[in-house]
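Colleague: This one is target08.txt, compact mmCIF, C-alpha atoms and all ligand atoms.
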```
# COMPACT_ATOMS: atom_id res chain seq x y z
CA MET E 1 0.00 0.00 0.00
CA GLY E 2 1.44 3.32 -0.95
CA LEU E 3 0.79 7.02 -1.20
CA TYR E 4 0.96 8.33 -4.75
CA VAL E 5 0.71 11.69 -6.42
CA GLN E 6 -0.42 11.29 -10.02
CA LYS E 7 -0.19 14.34 -12.28
CA PHE E 8 -1.87 14.44 -15.68
CA GLY E 9 -0.82 17.06 -18.24
CA GLY E 10 -2.90 18.96 -20.78
CA THR E 11 -3.05 16.32 -23.51
CA SER E 12 -4.03 13.68 -20.94
CA VAL E 13 -7.10 15.72 -19.97
CA ALA E 14 -7.74 17.27 -23.39
CA ASN E 15 -11.40 16.20 -23.53
CA VAL E 16 -14.06 14.35 -21.56
CA LYS E 17 -13.06 11.00 -23.02
CA ARG E 18 -9.47 11.42 -21.91
CA ILE E 19 -10.50 12.61 -18.46
CA ARG E 20 -12.54 9.40 -18.23
CA ASN E 21 -9.38 7.49 -19.06
CA VAL E 22 -7.65 9.35 -16.21
CA ALA E 23 -10.53 8.48 -13.86
CA ALA E 24 -10.13 4.78 -14.70
CA ARG E 25 -6.39 4.87 -14.07
CA VAL E 26 -6.74 6.70 -10.77
CA ALA E 27 -9.49 4.31 -9.68
CA ARG E 28 -7.22 1.37 -10.45
CA THR E 29 -4.47 2.73 -8.24
CA PHE E 30 -7.01 3.42 -5.49
CA ASP E 31 -8.50 -0.09 -5.80
CA GLN E 32 -5.07 -1.58 -5.18
CA GLY E 33 -5.32 -0.08 -1.70
CA ASN E 34 -3.19 3.00 -2.34
CA ASP E 35 -3.94 6.57 -1.32
CA VAL E 36 -4.00 8.90 -4.29
CA VAL E 37 -3.67 12.63 -4.77
CA VAL E 38 -4.30 13.64 -8.37
CA VAL E 39 -2.94 16.89 -9.79
CA LEU E 40 -4.34 18.14 -13.08
CA SER E 41 -3.41 20.62 -15.78
CA ALA E 42 -5.92 22.53 -17.86
CA MET E 43 -7.15 20.87 -21.07
CA ALA E 44 -4.54 21.12 -23.83
CA GLY E 45 -4.63 24.55 -25.47
CA VAL E 46 -6.86 26.12 -22.82
CA THR E 47 -4.13 28.13 -21.08
CA ASP E 48 -2.91 29.42 -24.47
CA GLY E 49 -6.52 30.32 -25.35
CA LEU E 50 -6.99 32.21 -22.09
CA ILE E 51 -3.80 34.19 -22.67
CA GLU E 52 -5.02 35.09 -26.16
CA LEU E 53 -8.36 36.13 -24.73
CA ALA E 54 -6.68 38.38 -22.19
CA ASN E 55 -4.51 39.95 -24.88
CA SER E 56 -7.57 40.68 -26.97
CA ALA E 57 -9.27 42.30 -23.99
CA SER E 58 -6.34 44.42 -22.84
CA ALA E 59 -3.15 45.76 -24.39
CA ALA E 60 -1.22 44.97 -21.19
CA PRO E 61 -3.34 42.63 -19.05
CA ASP E 62 -3.01 43.26 -15.34
CA ARG E 63 -0.99 40.37 -13.97
CA ARG E 64 -3.14 39.77 -10.91
CA GLU E 65 -6.24 39.53 -13.06
CA MET E 66 -4.36 37.34 -15.54
CA ASP E 67 -3.81 34.83 -12.74
CA VAL E 68 -7.50 34.89 -11.84
CA LEU E 69 -8.23 34.09 -15.48
CA LEU E 70 -5.53 31.43 -16.00
CA ALA E 71 -6.52 29.53 -12.88
CA THR E 72 -9.90 28.75 -14.43
CA GLY E 73 -8.33 26.22 -16.80
CA GLU E 74 -7.35 23.90 -13.98
CA GLN E 75 -10.53 24.63 -12.03
CA THR E 76 -12.49 23.09 -14.90
CA THR E 77 -10.57 19.83 -15.16
CA VAL E 78 -10.46 19.04 -11.43
CA ALA E 79 -14.22 19.49 -11.13
CA LEU E 80 -14.85 17.24 -14.14
CA LEU E 81 -12.59 14.47 -12.86
CA ALA E 82 -14.06 14.56 -9.35
CA MET E 83 -17.58 14.36 -10.83
CA MET E 84 -16.66 11.36 -12.92
CA LEU E 85 -15.04 9.55 -10.00
CA ARG E 86 -18.12 10.20 -7.88
CA ASP E 87 -20.33 8.79 -10.65
CA MET E 88 -18.14 5.68 -10.47
CA ASN E 89 -18.82 5.55 -6.71
CA TYR E 90 -15.40 6.69 -5.57
CA PRO E 91 -15.19 9.32 -2.83
CA ALA E 92 -13.42 12.17 -4.63
CA THR E 93 -12.99 15.82 -3.72
CA SER E 94 -11.51 18.56 -5.86
CA LEU E 95 -9.41 21.31 -4.28
CA LEU E 96 -8.22 24.57 -5.80
CA GLY E 97 -4.72 25.79 -4.98
CA PHE E 98 -5.76 27.91 -2.01
CA GLN E 99 -7.91 25.10 -0.60
CA ALA E 100 -4.90 22.81 -0.77
CA GLU E 101 -3.01 25.52 1.17
CA ILE E 102 -0.44 26.10 -1.54
CA LEU E 103 1.14 29.34 -0.34
CA THR E 104 3.24 31.22 -2.89
CA ASN E 105 5.07 34.52 -3.09
CA ASP E 106 3.23 37.39 -4.74
CA GLN E 107 4.94 37.32 -8.11
CA ALA E 108 1.88 37.15 -10.33
CA CYS E 109 2.07 34.74 -13.32
CA ASN E 110 5.37 33.33 -12.14
CA ALA E 111 4.93 32.70 -8.43
CA ARG E 112 7.11 30.38 -6.36
CA ILE E 113 5.73 27.96 -3.82
CA ILE E 114 6.73 28.91 -0.27
CA SER E 115 4.94 26.15 1.62
CA ILE E 116 2.11 23.66 1.40
CA GLY E 117 -0.04 23.23 4.49
CA ALA E 118 -1.58 20.00 3.21
CA ASP E 119 -3.72 19.53 6.34
CA ARG E 120 -6.84 19.40 4.26
CA ILE E 121 -5.28 16.94 1.80
CA ARG E 122 -4.19 14.73 4.68
CA ALA E 123 -7.60 14.87 6.36
CA LEU E 124 -9.29 13.84 3.11
CA LEU E 125 -6.82 11.01 2.56
CA GLU E 126 -7.49 9.83 6.08
CA LYS E 127 -11.16 9.49 5.10
CA ARG E 128 -9.97 7.47 2.05
CA HIS E 129 -10.90 10.20 -0.43
CA ILE E 130 -9.24 10.63 -3.77
CA VAL E 131 -8.02 14.22 -3.62
CA VAL E 132 -7.99 16.05 -6.94
CA VAL E 133 -5.88 19.22 -6.78
CA ALA E 134 -5.75 21.97 -9.40
CA GLY E 135 -2.17 22.24 -10.63
CA PHE E 136 -0.36 25.45 -11.63
CA GLN E 137 -2.06 27.61 -9.01
CA GLY E 138 -1.59 28.78 -5.47
CA CYS E 139 -2.40 31.74 -3.32
CA ASP E 140 -0.23 34.51 -1.87
CA GLN E 141 -0.21 35.81 1.69
CA ASN E 142 -2.92 38.32 0.88
CA GLY E 143 -5.25 35.71 -0.52
CA ASN E 144 -4.63 36.55 -4.18
CA ILE E 145 -4.72 33.69 -6.68
CA THR E 146 -1.30 33.14 -8.27
CA THR E 147 0.00 30.87 -11.01
CA LEU E 148 3.39 29.18 -11.17
CA GLY E 149 4.59 29.87 -14.72
CA ARG E 150 3.98 27.75 -17.83
CA GLY E 151 4.21 24.04 -17.16
CA GLY E 152 3.71 24.75 -13.44
CA SER E 153 1.46 21.77 -12.73
CA ASP E 154 4.56 19.58 -12.62
CA THR E 155 5.80 21.73 -9.76
CA SER E 156 2.46 21.59 -7.96
CA ALA E 157 2.59 17.79 -8.13
CA VAL E 158 6.14 17.35 -6.89
CA ALA E 159 5.72 19.97 -4.15
CA ILE E 160 2.58 18.21 -2.90
CA ALA E 161 4.39 14.86 -3.05
CA ALA E 162 7.16 16.36 -0.92
CA ALA E 163 4.69 17.91 1.53
CA ILE E 164 2.75 14.68 2.15
CA GLN E 165 5.85 12.49 1.82
CA ALA E 166 4.40 10.45 -1.01
CA ASP E 167 6.18 7.29 -2.07
CA SER E 168 6.40 8.53 -5.62
CA CYS E 169 5.21 11.31 -7.88
CA GLU E 170 3.99 10.05 -11.24
CA ILE E 171 3.94 12.54 -14.10
CA TYR E 172 1.62 11.28 -16.84
CA THR E 173 2.17 12.96 -20.17
CA ASP E 174 2.02 12.45 -23.94
CA VAL E 175 5.41 10.75 -24.24
CA ASP E 176 6.35 7.54 -22.44
CA GLY E 177 9.36 8.91 -20.62
CA ILE E 178 12.35 11.18 -20.84
CA TYR E 179 14.36 10.79 -23.99
CA THR E 180 17.87 11.70 -25.05
CA THR E 181 16.20 14.52 -26.96
CA ASP E 182 12.65 15.61 -27.75
CA PRO E 183 11.17 12.53 -29.51
CA ASN E 184 8.90 14.87 -31.45
CA ILE E 185 11.95 16.47 -33.09
CA CYS E 186 14.21 13.46 -33.52
CA ASP E 187 12.76 10.02 -34.24
CA ARG E 188 16.03 8.40 -33.23
CA ALA E 189 15.70 9.70 -29.67
CA ARG E 190 16.26 6.96 -27.09
CA LYS E 191 14.31 6.53 -23.88
CA ILE E 192 16.37 6.93 -20.70
CA LYS E 193 15.48 4.48 -17.91
CA ARG E 194 16.90 6.44 -15.02
CA ILE E 195 18.23 9.97 -14.93
CA SER E 196 19.75 11.94 -12.06
CA TYR E 197 18.13 15.07 -10.66
CA ASP E 198 21.16 17.10 -11.72
CA GLU E 199 21.04 16.01 -15.34
CA MET E 200 17.30 16.55 -15.44
CA LEU E 201 17.79 20.04 -14.00
CA GLU E 202 20.07 20.86 -16.89
CA LEU E 203 17.75 19.34 -19.51
CA SER E 204 14.75 21.22 -18.09
CA SER E 205 16.58 24.51 -17.83
CA LEU E 206 17.72 24.16 -21.44
CA GLY E 207 14.33 23.60 -22.99
CA ALA E 208 13.12 20.03 -22.32
CA LYS E 209 9.65 21.09 -21.23
CA VAL E 210 8.72 17.54 -20.23
CA LEU E 211 9.30 18.64 -16.59
CA GLN E 212 9.17 22.24 -15.40
CA ILE E 213 12.56 23.03 -13.87
CA ARG E 214 11.16 24.00 -10.48
CA SER E 215 9.55 20.60 -10.15
CA VAL E 216 12.99 19.02 -10.50
CA GLU E 217 14.42 21.44 -7.94
CA PHE E 218 11.73 20.34 -5.46
CA ALA E 219 12.29 16.70 -6.28
CA LYS E 220 16.01 17.01 -5.65
CA LYS E 221 15.66 19.05 -2.47
CA TYR E 222 13.12 16.71 -0.89
CA ASN E 223 14.34 13.54 -2.55
CA VAL E 224 11.02 12.75 -4.25
CA PRO E 225 11.30 9.94 -6.80
CA VAL E 226 9.61 11.16 -9.99
CA HIS E 227 8.27 8.70 -12.56
CA VAL E 228 7.60 10.27 -15.97
CA ARG E 229 5.33 8.04 -18.06
CA SER E 230 2.58 7.96 -20.65
CA SER E 231 -1.07 8.31 -19.75
CA PHE E 232 -1.89 6.31 -22.89
CA SER E 233 0.04 3.11 -22.12
CA GLU E 234 1.05 0.90 -19.23
CA GLU E 235 4.72 0.99 -20.09
CA GLU E 236 7.27 1.90 -17.44
CA GLY E 237 8.59 5.38 -18.02
CA THR E 238 11.70 7.15 -16.73
CA MET E 239 12.69 7.46 -13.08
CA VAL E 240 14.22 10.78 -12.04
CA VAL E 241 16.21 10.00 -8.90
CA GLN E 242 19.41 10.63 -6.96
CA GLU E 243 22.51 9.77 -9.00
CA ASP E 244 23.55 6.15 -8.41
CA MET E 245 26.05 3.58 -9.55
CA ASP E 246 23.70 1.87 -12.02
CA MET E 247 23.26 4.94 -14.14
CA GLU E 248 24.60 5.03 -17.65
CA ARG E 249 27.64 7.25 -17.73
CA LEU E 250 27.63 8.77 -21.16
CA VAL E 251 29.74 11.78 -21.99
CA VAL E 252 26.64 13.44 -23.35
CA SER E 253 23.28 12.09 -22.19
CA GLY E 254 20.90 14.51 -23.84
CA VAL E 255 20.39 17.24 -26.42
CA THR E 256 17.92 20.08 -25.94
CA CYS E 257 16.59 23.01 -27.85
CA ASN E 258 15.05 26.23 -26.61
CA LYS E 259 13.32 28.63 -28.98
CA ASN E 260 11.93 30.88 -26.32
CA GLU E 261 14.76 33.36 -26.11
CA ALA E 262 15.83 36.47 -27.96
CA ARG E 263 19.20 38.25 -28.20
CA ILE E 264 20.04 41.83 -27.32
CA THR E 265 23.49 43.36 -27.95
CA LEU E 266 24.78 46.69 -26.69
CA LYS E 267 27.58 47.69 -29.04
CA ARG E 268 30.69 49.62 -28.20
CA VAL E 269 30.03 50.01 -24.53
CA PRO E 270 32.73 51.83 -22.51
CA ASP E 271 35.04 49.18 -21.04
CA GLN E 272 34.96 50.41 -17.44
CA PRO E 273 34.18 49.01 -13.99
CA GLY E 274 30.48 49.16 -13.14
CA VAL E 275 29.16 49.15 -16.69
CA ALA E 276 27.85 45.57 -16.59
CA ALA E 277 26.01 46.37 -13.35
CA LYS E 278 24.42 49.39 -15.03
CA ILE E 279 23.20 47.21 -17.90
CA PHE E 280 21.83 44.32 -15.86
CA THR E 281 20.50 45.95 -12.68
CA PRO E 282 17.44 47.58 -14.31
CA ILE E 283 16.70 44.31 -16.11
CA ALA E 284 16.84 42.39 -12.85
CA ASP E 285 14.67 45.05 -11.19
CA ALA E 286 12.06 44.35 -13.88
CA ASN E 287 12.16 40.68 -12.84
CA ILE E 288 13.48 39.60 -16.24
CA GLN E 289 15.66 36.53 -16.19
CA VAL E 290 18.78 36.91 -18.28
CA ASP E 291 20.22 33.67 -19.59
CA MET E 292 23.43 33.84 -21.62
CA ILE E 293 25.77 36.80 -21.18
CA ILE E 294 28.74 37.32 -23.45
CA GLN E 295 31.18 40.20 -23.42
CA ASN E 296 33.49 40.56 -26.41
CA PHE E 297 36.96 41.90 -26.27
CA ARG E 298 37.55 44.99 -28.38
CA SER E 299 40.51 47.29 -28.37
CA GLY E 300 40.13 51.04 -27.81
CA GLY E 301 38.49 50.94 -24.40
CA GLU E 302 35.21 49.60 -25.71
CA THR E 303 33.41 46.28 -25.59
CA ASP E 304 30.18 44.64 -26.86
CA VAL E 305 27.78 43.09 -24.37
CA THR E 306 25.33 40.45 -25.61
CA PHE E 307 22.69 38.61 -23.63
CA THR E 308 19.53 36.59 -24.10
CA VAL E 309 16.15 36.97 -22.39
CA PRO E 310 12.87 35.06 -22.65
CA ARG E 311 10.98 36.18 -25.76
CA ALA E 312 8.00 37.06 -23.61
CA ASN E 313 10.14 39.76 -21.95
CA PHE E 314 11.97 40.86 -25.09
CA ASN E 315 10.15 44.16 -25.74
CA GLN E 316 10.46 45.25 -22.14
CA ALA E 317 14.15 44.25 -21.97
CA LEU E 318 14.84 46.10 -25.22
CA GLU E 319 13.22 49.27 -23.97
CA ILE E 320 15.27 49.12 -20.77
CA SER E 321 18.47 48.39 -22.73
CA LYS E 322 17.94 51.34 -25.07
CA LYS E 323 17.66 53.66 -22.08
CA THR E 324 20.79 52.17 -20.54
CA ALA E 325 22.66 52.43 -23.85
CA ASP E 326 21.89 56.16 -23.98
CA ALA E 327 22.90 56.64 -20.37
CA ILE E 328 26.26 54.87 -20.66
CA GLY E 329 27.06 56.08 -24.15
CA ALA E 330 26.90 52.80 -26.07
CA ALA E 331 26.98 53.12 -29.87
CA GLU E 332 23.84 51.08 -30.67
CA VAL E 333 21.54 48.25 -29.62
CA THR E 334 21.01 45.34 -32.02
CA THR E 335 18.69 42.38 -31.60
CA ALA E 336 17.76 38.96 -32.99
CA GLU E 337 14.41 37.43 -32.16
CA HIS E 338 14.57 34.30 -34.27
CA ILE E 339 17.25 32.36 -32.48
CA ALA E 340 17.40 28.92 -30.91
CA LYS E 341 19.70 27.62 -28.24
CA VAL E 342 20.79 24.01 -28.73
CA SER E 343 22.64 22.33 -25.90
CA VAL E 344 24.37 19.06 -25.12
CA VAL E 345 24.20 17.89 -21.51
CA GLY E 346 25.98 15.17 -19.57
CA VAL E 347 27.65 14.67 -16.21
CA GLY E 348 30.28 12.57 -18.03
CA MET E 349 31.51 15.77 -19.66
CA LYS E 350 33.30 16.70 -16.44
CA ASN E 351 35.98 14.11 -17.18
CA HIS E 352 36.19 14.33 -20.95
CA SER E 353 37.90 16.79 -23.19
CA GLY E 354 36.99 17.50 -26.79
CA VAL E 355 33.22 17.68 -26.29
CA ALA E 356 33.04 21.30 -27.43
CA ALA E 357 35.21 20.62 -30.46
CA ARG E 358 33.01 17.69 -31.45
CA MET E 359 29.89 19.81 -31.07
CA PHE E 360 31.25 22.69 -33.14
CA GLY E 361 32.55 20.29 -35.79
CA ALA E 362 29.17 18.59 -36.15
CA LEU E 363 27.39 21.93 -36.60
CA ALA E 364 30.03 23.15 -39.03
CA ALA E 365 29.63 20.01 -41.16
CA GLU E 366 26.01 21.08 -41.75
CA ASN E 367 27.01 24.71 -42.36
CA ILE E 368 25.19 25.87 -39.26
CA ASN E 369 26.67 29.11 -38.02
CA ILE E 370 27.16 29.46 -34.26
CA ARG E 371 26.18 32.91 -32.97
CA LEU E 372 26.84 32.55 -29.23
CA ILE E 373 28.42 29.91 -27.05
CA SER E 374 28.17 29.29 -23.32
CA THR E 375 29.30 26.40 -21.15
CA SER E 376 29.00 24.96 -17.67
CA GLU E 377 30.69 21.95 -16.12
CA ILE E 378 28.10 19.60 -17.59
CA ARG E 379 26.71 21.35 -20.66
CA ILE E 380 27.59 23.34 -23.77
CA SER E 381 25.05 25.60 -25.45
CA CYS E 382 25.20 27.25 -28.87
CA VAL E 383 22.82 29.84 -30.23
CA VAL E 384 21.97 29.29 -33.90
CA GLU E 385 19.39 30.70 -36.28
CA GLU E 386 15.94 29.40 -35.39
CA LYS E 387 15.43 27.75 -38.78
CA TYR E 388 18.35 25.40 -38.07
CA ALA E 389 17.15 24.34 -34.61
CA GLU E 390 15.70 20.91 -35.44
CA LEU E 391 18.52 20.04 -37.82
CA ALA E 392 21.07 21.01 -35.17
CA VAL E 393 19.37 18.79 -32.60
CA ARG E 394 19.40 15.77 -34.93
CA VAL E 395 23.00 16.35 -35.99
CA LEU E 396 24.22 16.61 -32.40
CA HIS E 397 22.17 13.61 -31.35
CA SER E 398 24.03 11.54 -33.97
CA ALA E 399 27.41 13.14 -33.32
CA PHE E 400 27.32 12.06 -29.68
CA ASN E 401 26.19 8.52 -30.54
CA LEU E 402 22.80 8.87 -28.92
CA ASP E 403 20.77 7.56 -31.87
CA GLN E 404 18.96 4.34 -31.18
CA GLU E 405 19.89 1.40 -33.38
CA SER E 406 16.82 1.41 -35.58
CA ALA E 407 14.18 4.07 -35.70
P1 LIG E 501 2.13 17.96 -20.43
O1 LIG E 501 1.05 18.71 -21.12
O2 LIG E 501 1.78 16.54 -20.14
O3 LIG E 501 2.67 18.69 -19.23
P2 LIG E 501 4.36 18.90 -22.01
O4 LIG E 501 3.98 19.27 -23.40
O5 LIG E 501 4.55 19.99 -21.02
O6 LIG E 501 3.30 17.84 -21.48
O7 LIG E 501 5.71 18.01 -22.01
C1 LIG E 501 5.80 16.88 -22.83
C2 LIG E 501 6.54 17.22 -24.10
O8 LIG E 501 7.91 17.50 -23.80
C3 LIG E 501 6.65 16.10 -25.12
O9 LIG E 501 5.51 16.04 -25.95
C4 LIG E 501 7.91 16.42 -25.88
O10 LIG E 501 7.64 17.06 -27.11
C5 LIG E 501 8.63 17.44 -25.00
N1 LIG E 501 10.03 17.07 -24.72
C6 LIG E 501 11.08 17.92 -24.86
N2 LIG E 501 12.23 17.32 -24.58
C7 LIG E 501 11.93 16.05 -24.20
C8 LIG E 501 12.72 14.93 -23.78
N3 LIG E 501 14.04 15.01 -23.66
N4 LIG E 501 12.07 13.79 -23.48
C9 LIG E 501 10.72 13.70 -23.59
N5 LIG E 501 9.93 14.72 -23.98
C10 LIG E 501 10.52 15.89 -24.29
N1 LIG E 502 -1.93 24.78 -17.82
C1 LIG E 502 -0.63 25.35 -17.53
C2 LIG E 502 0.15 25.53 -18.82
O1 LIG E 502 -0.34 25.23 -19.89
C3 LIG E 502 0.15 24.56 -16.52
C4 LIG E 502 0.54 23.16 -16.95
O2 LIG E 502 -0.08 22.60 -17.86
O3 LIG E 502 1.44 22.59 -16.32
O4 LIG E 502 1.24 26.02 -18.77
MG MG E 503 4.00 20.32 -19.05
```
Written as structure tokens, that's how I'd like the structure from this file.
Ligand code: ADP
Ligand code: ASP
Ligand code: MG

Modeller:
Amino acid sequence: MGLYVQKFGGTSVANVKRIRNVAARVARTFDQGNDVVVVLSAMAGVTDGLIELANSASAAPDRREMDVLLATGEQTTVALLAMMLRDMNYPATSLLGFQAEILTNDQACNARIISIGADRIRALLEKRHIVVVAGFQGCDQNGNITTLGRGGSDTSAVAIAAAIQADSCEIYTDVDGIYTTDPNICDRARKIKRISYDEMLELSSLGAKVLQIRSVEFAKKYNVPVHVRSSFSEEEGTMVVQEDMDMERLVVSGVTCNKNEARITLKRVPDQPGVAAKIFTPIADANIQVDMIIQNFRSGGETDVTFTVPRANFNQALEISKKTADAIGAAEVTTAEHIAKVSVVGVGMKNHSGVAARMFGALAAENINIRLISTSEIRISCVVEEKYAELAVRVLHSAFNLDQESA
């Protein structure tokens, strides 16, 4: 007998028929004597639709009200699932984020979970209820509804699993596990049986949206075993766990692609102490997350500073950068919106040389120009033109011998 959190993503609850499929699966787990907390996303496409609706209603939708709107997507699915389970004679209760005591900070549309009370969840489990919690949403200290950023239901699920000390957190999605690269981009992608929290953190941060990065942070911090699997088959998926001796030790274990960033360059900036702080402080104050930062060397007391930001924040970041450029006397600001960041990730990289050279060589062989490069101990990322993104992923997947035998 165990305690499970089962999270179902948008495609798994895309319509009534699929929610019925979820009900049957949850009921099966319950019938085996387990306690179950279900966490749901909105139906596929609904969150996008709500954002579009808000943008058609307002030129700059108020973020608090945006959260009130976005939370309705998950409110719908939890109610539908609980109804269905009740029709099947299972005691089921739906809870919205605030009812499940999911306390977040007050950063609207991108809130972070501070704590989960979980008393109500526990009390319901005690009564042998199936508890169906709305993912992606919480509530700040002042009682405002908040949402956790796109893909946030993963984080709701893992955080709840940590709070109630579940035996495992199962993430049901539209692929049957975590692959060496997005199986929808590369049909030679290979399923990984077990992956460490650290590698998954890198993959998630670099664009593998199969798990929201914060969910992996929670899983690592509270040691929650996460099982990513398909809601459409019974097959075992991928376990995301603490690194152990049985894990495959490949130099590169995955390739990712992120098309959600844009580049901004401040040209011919005075090469003086304090200039970088002047460029990045107002961007940080606007709560914009900068990803890559590259400073070129130029002679003549000047330098170029390039960085990338999420595309959603591009206009705001550009406006701020133009003001800074004027203030510090930079020559001009240039941009590129259609870029993609492709990355190779692997803990094995720590002990191997030549990974970067192999990556650059593989891209060069396809005539793909590299615009920016950044590295960490266990990853290398290159920015390329967006139109080459998929090709770059496939080429790197082959170059690092990740292709499965037959596809
Ligand atoms: P859900 O709606 O269930 O939360 P998501 O669309 O957020 O599902 O995440 C699943 C998707 O993640 C897959 O359909 C796949 O295209 C994408 N993906 C990206 N990288 C990977 C990877 N390395 N392994 C598996 N899926 C990946
Ligand atoms: N519905 C939200 C989204 O589309 C949260 C999620 O699905 O995880 O981003
Ligand atoms: Mg998701």

Colleague: Return as an MDAnalysis selection string every polymer residue, whether protein, DNA or RNA, with at least one atom no more than 9 Å from an atom of ligand LIG 502 (chain E); count only C-alpha atoms and all ligand atoms.

Modeller: chainID E and resid 8:11 40:48 70:71 73:74 135:137 147:156 211:212

Colleague: Keeping C-alpha atoms, export the residues of the selection given above as a tab-separated table (two decimals), keeping the file's coordinate frame.

Modeller:
```tsv
chain	number	residue	atom	x	y	z
E	8	PHE	CA	-1.87	14.44	-15.68
E	9	GLY	CA	-0.82	17.06	-18.24
E	10	GLY	CA	-2.90	18.96	-20.78
E	11	THR	CA	-3.05	16.32	-23.51
E	40	LEU	CA	-4.34	18.14	-13.08
E	41	SER	CA	-3.41	20.62	-15.78
E	42	ALA	CA	-5.92	22.53	-17.86
E	43	MET	CA	-7.15	20.87	-21.07
E	44	ALA	CA	-4.54	21.12	-23.83
E	45	GLY	CA	-4.63	24.55	-25.47
E	46	VAL	CA	-6.86	26.12	-22.82
E	47	THR	CA	-4.13	28.13	-21.08
E	48	ASP	CA	-2.91	29.42	-24.47
E	70	LEU	CA	-5.53	31.43	-16.00
E	71	ALA	CA	-6.52	29.53	-12.88
E	73	GLY	CA	-8.33	26.22	-16.80
E	74	GLU	CA	-7.35	23.90	-13.98
E	135	GLY	CA	-2.17	22.24	-10.63
E	136	PHE	CA	-0.36	25.45	-11.63
E	137	GLN	CA	-2.06	27.61	-9.01
E	147	THR	CA	0.00	30.87	-11.01
E	148	LEU	CA	3.39	29.18	-11.17
E	149	GLY	CA	4.59	29.87	-14.72
E	150	ARG	CA	3.98	27.75	-17.83
E	151	GLY	CA	4.21	24.04	-17.16
E	152	GLY	CA	3.71	24.75	-13.44
E	153	SER	CA	1.46	21.77	-12.73
E	154	ASP	CA	4.56	19.58	-12.62
E	155	THR	CA	5.80	21.73	-9.76
E	156	SER	CA	2.46	21.59	-7.96
E	211	LEU	CA	9.30	18.64	-16.59
E	212	GLN	CA	9.17	22.24	-15.40
```

Colleague: Nearest to ligand MG 503 (chain E): which of E:Thr324, E:Thr238, E:Thr173, E:Thr104 is it, counting only C-alpha atoms and all ligand atoms?

Modeller: E:Thr173

Colleague: Report as number ranges by chain which protein, DNA and RNA residues come within 6 Å of ligand LIG 501 (chain E), using all atoms listed in the file.

Modeller: E: 9-11, 151, 173-175, 177-182, 184, 208-210

Colleague: Keeping C-alpha atoms, export the residues of the selection given above as a PDB file, keeping the file's coordinate frame.

Modeller:
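Result went into result_7.pdb, see below:
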```pdb
ATOM      1  CA  GLY E   9      -0.820  17.060 -18.240  1.00  0.00           C
ATOM      2  CA  GLY E  10      -2.900  18.960 -20.780  1.00  0.00           C
ATOM      3  CA  THR E  11      -3.050  16.320 -23.510  1.00  0.00           C
ATOM      4  CA  GLY E 151       4.210  24.040 -17.160  1.00  0.00           C
ATOM      5  CA  THR E 173       2.170  12.960 -20.170  1.00  0.00           C
ATOM      6  CA  ASP E 174       2.020  12.450 -23.940  1.00  0.00           C
ATOM      7  CA  VAL E 175       5.410  10.750 -24.240  1.00  0.00           C
ATOM      8  CA  GLY E 177       9.360   8.910 -20.620  1.00  0.00           C
ATOM      9  CA  ILE E 178      12.350  11.180 -20.840  1.00  0.00           C
ATOM     10  CA  TYR E 179      14.360  10.790 -23.990  1.00  0.00           C
ATOM     11  CA  THR E 180      17.870  11.700 -25.050  1.00  0.00           C
ATOM     12  CA  THR E 181      16.200  14.520 -26.960  1.00  0.00           C
ATOM     13  CA  ASP E 182      12.650  15.610 -27.750  1.00  0.00           C
ATOM     14  CA  ASN E 184       8.900  14.870 -31.450  1.00  0.00           C
ATOM     15  CA  ALA E 208      13.120  20.030 -22.320  1.00  0.00           C
ATOM     16  CA  LYS E 209       9.650  21.090 -21.230  1.00  0.00           C
ATOM     17  CA  VAL E 210       8.720  17.540 -20.230  1.00  0.00           C
TER      18      VAL E 210
END
```

Colleague: Could you check which of E:Ala159, E:Ile288, E:Ala327, E:Ile185 is closest to E:Ala312, using all atoms listed in the file?

Modeller: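 For E:Ala312, the nearest of the given residues is E:Ile288.
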
Colleague: Compile the contact shell of E:Met359 as a PDB file with C-alpha atoms, in the frame of the given file: residues with an atom at most 9 Å away, counting all atoms listed in the file, same-chain residues fewer than 6 positions apart removed.

Modeller:
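File written: selection.pdb
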```pdb
ATOM      1  CA  VAL E 344      24.370  19.060 -25.120  1.00  0.00           C
ATOM      2  CA  ILE E 380      27.590  23.340 -23.770  1.00  0.00           C
ATOM      3  CA  LEU E 396      24.220  16.610 -32.400  1.00  0.00           C
ATOM      4  CA  ALA E 399      27.410  13.140 -33.320  1.00  0.00           C
ATOM      5  CA  PHE E 400      27.320  12.060 -29.680  1.00  0.00           C
TER       6      PHE E 400
END
```
